[in-house]
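Structure first, commentary second.
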Amino acid sequence: SRPSVAAPDRALVARALAATALLYGQLADGTLQLLCTTPVVERKDDMYLFVAVAHCLQGRLGAIIGIFPAHGQQPALYVTFDGGPDKRFYRAYVAAIGAPDRGDDLLILMVRTADLLVVMPLGDESRDDVADEVFAVTGQNGIGRQVVVGTVSLRLLDRPVIGPGVNWQGYLVLQLPIGPAASGAAVVSVQQGQVIGFVVGTIQAMMGMIPVGSPSAVAVPVSRLKLFREAIERGAY
């Protein structure tokens, strides 16, 4: 029989839920389209940093109002923490977008607000081992934020997993039930109580396979985000 996964601490789950938003893009007709999940990871005064994944925007910018990065214009992006019909949306601006084919499937967003938002701290994926418990808050399947639980199944992909415009070598592999719009969701280590990665997809979807049982989710590790930010600060990206 399949081993059970213990439920994470309720206070930790509540914090992760409060720190997780859904990212929308505004189309030319004014409607908003759900793109992916995006957690808050840092606060600087009234500026908050959110992390998502670059492929959330790739292939969709032509439909979203605004052009990026041409002419410095920003796409019309919004985040919301609310699940009801009266959602409150915050304008989000692209601070940095990575290149997935270089292993940087990362998107950093900025939101300026006087509201006090909950922040999920970043951890260290190297402190978690195979079979350690994790969970994620995702906006998958367009039915609002959901908590999914699982385990680390492979700490780092030590071989290339490459598709069109994608390179997942060095990423985390997890047994975690995810679906469409889960990309960008923070993977939270139950042991650390901190974020160790961000969901990018599943091995089965990449390989064109039909998943049997829980899919093998893949996440870009927090260490990659830190290297990405350092490269940007050095002007090396």
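In the structure tokens, chains take the letters A, B, ... in the order shown, each chain's residues start at 1, and ligands count up from 1 in the order shown.
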Contact check, stretch 149-237 of chain A to stretch 8-19 of chain A, at most 10 Å, counting only C-alpha atoms, closest pairs as a Markdown table:
```
| residue | atom | partner | partner_atom | distance |
| --- | --- | --- | --- | --- |
| A:Val149 | CA | A:Pro8 | CA | 8.2 |
| A:Ala186 | CA | A:Ala16 | CA | 8.4 |
| A:Val187 | CA | A:Ala16 | CA | 9.7 |
| A:Val188 | CA | A:Ala16 | CA | 8.1 |
| A:Ser189 | CA | A:Pro8 | CA | 9.2 |
| A:Val190 | CA | A:Pro8 | CA | 6.1 |
| A:Gln191 | CA | A:Pro8 | CA | 9.1 |
| A:Gly193 | CA | A:Leu12 | CA | 6.6 |
| A:Gln194 | CA | A:Leu12 | CA | 8.9 |
| A:Val195 | CA | A:Ala16 | CA | 9.3 |
```
Go through stretch 141-208 of chain A residue by residue and, counting only C-alpha atoms, keep those with an atom at most 8 Å from stretch 222-232 of chain A; for each kept residue give the shortest atom pair and its distance in Å to one decimal, ordered by chain and increasing number, as a tab-separated table.
```
residue	atom	partner	partner_atom	distance
A:Val195	CA	A:Val222	CA	7.3
A:Ile196	CA	A:Val222	CA	5.2
A:Gly197	CA	A:Val222	CA	4.9
A:Phe198	CA	A:Val222	CA	7.5
```
If you count only C-alpha atoms, which residues fall within 12 Å of A:Gly184, apart from same-chain ones fewer than 2 positions away, as a PyMOL selection string? chain A and resi 20-23+35-41+50-57+105-109+136-140+178-182+186-187+195+197-201+217-222
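Counting only C-alpha atoms, A:Asp132 has the following residues at most 10 Å away, ignoring those fewer than 5 positions along the same chain: Val5, Arg127, Gly150, Thr151, Val152, Ser153, Leu174, Ser189, Val190 and Gln191 of chain A.
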Contacts of A:Asp45 within 12 Å, only C-alpha atoms, excl. fewer than 6 positions in-chain, as a ChimeraX atom specification: /A:111-117
Expected answer as number ranges by chain: alpha helix (DSSP H) residues in stretch 5-237 of chain A: A: 10-18, 203-207, 222-234
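The smallest atom-to-atom distance between A:Ile97 and any of A:Leu156, A:Leu34, A:Gln58, A:Leu77, using only C-alpha atoms, is found for A:Gln58.
Minimum atom-to-atom distance to A:Tyr171, evaluated using only C-alpha atoms, belongs to A:Thr202 out of A:Gln192, A:Thr202, A:Gln74, A:Thr31.
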Pick from A:Leu122, A:Ala131, A:Val94, A:Ala76, whichever lies nearest to A:Leu27 using only C-alpha atoms: A:Ala76
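Counting from atom CA of A:Asp128, the distance to atom CA of A:Trp168 is 18.8 Å.
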